[in-house]
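Q: I'd like to ask you about the structure that follows.
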Number of protein chains: 2
Amino acid sequence: MAKPETTSVNRRSEIISAAIEVFAEIGYYRATTAQVAERAKISQPYVFRFFSTKENLLLAALEVSWSRVIESFRKLVETTSPELLEAKLIQEYVNIQEMYQNEVLLQMQAQTIREDAIQETMRSGFKEVRDMVLAAFREAGMDKPEERTMLFLARGMLCNVAVAINLPELMKG
Amino acid sequence: MAKPETTSVNRRSEIISAAIEVFAEIGYYRATTAQVAERAKISQPYVFRFFSTKENLLLAALEVSWSRVIESFRKLVETTSPELLEAKLIQEYVNIQEMYQNEVLLQMQAQTIREDAIQETMRSGFKEVRDMVLAAFREAGMDKPEERTMLFLARGMLCNVAVAINLPELMKG
DNA sequence: TGATTTGATTATTGATCAATCACTTTTAAT
DNA sequence: ATTAAAAGTGATTGATCAATAATCAAATCA
């Protein structure tokens, strides 16, 4: 079987990638489905063949961005020695932020959207990350694992802001 | 001189209050100036007599929300004993978050907007808060004041998220 | 070959919005 | 009372957008 270059699955993820870029740069509500289509090099109505509404496209984009974080944290947790774990997790998140800035920006936007489906996706993503980190910190015999988990997440959120508004001194200390 | 009930200054701040509510609830880009006007009980074109563009209205709303934080932190810093300072600051921010949720939500939105004027307002607000807290922590003889300042801000950002997506367990620990 | 599915586009629509213009009403000073 | 300034509104506009309808084209298969 020859591998076709454009499968339906490929197109789908191309559209999601385009959406992540456009939504992050322009803002979800201001961005148009025509701009997403242009970035994905397809026609605007074709977006709706894959995602029946603009919101469904946003939800798919958010799921990709959460998977990015969750999958790479999971790999780290499974392969890193307890004494290095916290440092490696921090390092990994900084790396994700550099490589996938737009995904982080999109998550930040989604945090402020008052729509049930979107809030539920955000809650579920945060919960999964928190549970995984907390379990790993406990496994590693860290003391006050809840507090360390909270501070790990807190640093992550401040780092998001520092990058988003381009004010690196926020992370000094 | 009798005090008139509706001065130009009053109207201005009524419009800003309405804008903070509407922008926070609906999202800045999705919200319409007609919705702001309706909430302020004036006509839509009258908004533009005070704020020549929608973006200017957003900037005014952000300045109000930053003043809220900065003024109340400043009062605390000037009147609180060193050993209570950090706890009181945290308490005060939690209080602001309960009383002025919409202002916090609006700031979170603004963090993700890629427009120079807005980003500059956000940088300036964060800088002022950070400088004030850092100076106060130093004054109080705290050790590692930079790190404590960073962690104070970080906790604040995580708290914002926890409230915004309604996931209080994020703050456990 | 002819038929069917899959991939894709052009054209359109009904709704919506920021901003402007042309007015009217109210207030207050002379 | 008169008038000028200030406060405020209705009507409109030009642009823009999500979503749908109607088709076309190219593979795939019988």
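Labels used: A, B, ... for chains in the order of the structure tokens, numbers from 1 for residues in each chain, and numbers from 1 for ligands as shown.
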Only residues of chain A matter here; which ones have an atom within 12 Å of chain D, counting only C-alpha atoms (C1' of nucleotides)? Give them as a PyMOL selection string.
A: chain A and resi 4+29-35+44-49+51-55
Q: Within 9 Å of chain B, which residues of chain C come that close, and what is the closest atom pair and distance in Å for each? Count only C-alpha atoms (C1' of nucleotides) and give it as JSON lines.
A:
```
{"residue": "C:DC17", "atom": "C1'", "partner": "B:Thr32", "partner_atom": "CA", "distance": 7.0}
{"residue": "C:DA18", "atom": "C1'", "partner": "B:Thr33", "partner_atom": "CA", "distance": 7.7}
{"residue": "C:DA19", "atom": "C1'", "partner": "B:Phe48", "partner_atom": "CA", "distance": 8.1}
{"residue": "C:DT20", "atom": "C1'", "partner": "B:Pro45", "partner_atom": "CA", "distance": 8.9}
```
Q: Please tabulate, as CSV, the residues of chain B that come within 10 Å of chain A, each with its closest pair of atoms and the distance in Å to one decimal, counting only C-alpha atoms and ordering rows by chain, then residue number upward.
A:
```
residue,atom,partner,partner_atom,distance
B:Ala24,CA,A:Thr112,CA,8.0
B:Glu25,CA,A:Arg114,CA,6.8
B:Ile26,CA,A:Arg114,CA,7.2
B:Gly27,CA,A:Ile113,CA,6.8
B:Tyr28,CA,A:Tyr29,CA,8.5
B:Tyr29,CA,A:Tyr29,CA,5.7
B:Arg30,CA,A:Tyr29,CA,5.7
B:Ala31,CA,A:Tyr29,CA,9.4
B:Val104,CA,A:Thr112,CA,9.8
B:Leu105,CA,A:Thr112,CA,6.4
B:Leu106,CA,A:Thr112,CA,8.1
B:Gln107,CA,A:Thr112,CA,9.6
B:Met108,CA,A:Thr112,CA,6.7
B:Gln109,CA,A:Thr112,CA,6.1
B:Ala110,CA,A:Ile165,CA,9.1
B:Gln111,CA,A:Ile165,CA,6.1
B:Thr112,CA,A:Gln109,CA,6.1
B:Ile113,CA,A:Gly27,CA,6.8
B:Arg114,CA,A:Glu25,CA,6.8
B:Glu115,CA,A:Ile26,CA,9.4
B:Asp116,CA,A:Ile165,CA,9.7
B:Ile118,CA,A:Ile165,CA,9.3
B:Gln119,CA,A:Ile165,CA,5.8
B:Glu120,CA,A:Ile165,CA,8.1
B:Thr121,CA,A:Ile165,CA,9.7
B:Met122,CA,A:Ile165,CA,7.1
B:Arg123,CA,A:Leu167,CA,6.5
B:Ser124,CA,A:Leu167,CA,9.5
B:Phe126,CA,A:Leu170,CA,8.0
B:Lys127,CA,A:Leu170,CA,8.0
B:Arg130,CA,A:Leu170,CA,7.6
B:Lys144,CA,A:Gly173,CA,7.8
B:Pro145,CA,A:Gly173,CA,8.0
B:Glu146,CA,A:Gly173,CA,4.6
B:Glu147,CA,A:Gly173,CA,4.0
B:Arg148,CA,A:Gly173,CA,7.6
B:Thr149,CA,A:Gly173,CA,7.7
B:Met150,CA,A:Gly173,CA,6.1
B:Leu151,CA,A:Arg155,CA,7.1
B:Phe152,CA,A:Ala154,CA,9.3
B:Leu153,CA,A:Leu158,CA,7.0
B:Ala154,CA,A:Ala154,CA,4.8
B:Arg155,CA,A:Ala154,CA,5.2
B:Gly156,CA,A:Ala154,CA,7.8
B:Met157,CA,A:Leu158,CA,5.8
B:Leu158,CA,A:Ala154,CA,4.8
B:Cys159,CA,A:Ala154,CA,8.1
B:Asn160,CA,A:Gln111,CA,9.3
B:Val161,CA,A:Gln111,CA,6.6
B:Ala162,CA,A:Arg123,CA,9.1
B:Val163,CA,A:Gln111,CA,9.6
B:Ala164,CA,A:Thr112,CA,6.3
B:Ile165,CA,A:Gln119,CA,5.7
B:Asn166,CA,A:Arg123,CA,7.8
B:Leu167,CA,A:Arg123,CA,6.5
B:Glu169,CA,A:Lys127,CA,8.6
B:Leu170,CA,A:Met150,CA,6.6
B:Met171,CA,A:Met150,CA,6.1
B:Lys172,CA,A:Glu146,CA,6.6
B:Gly173,CA,A:Glu147,CA,4.0
```
Q: Could you pull out the alpha helix (DSSP H) residues of stretch 14-129 of chain B from DSSP and send them as a ChimeraX atom specification?
A: /B:14-26,33-40,44-50,54-79,82-99,101-111,116-129
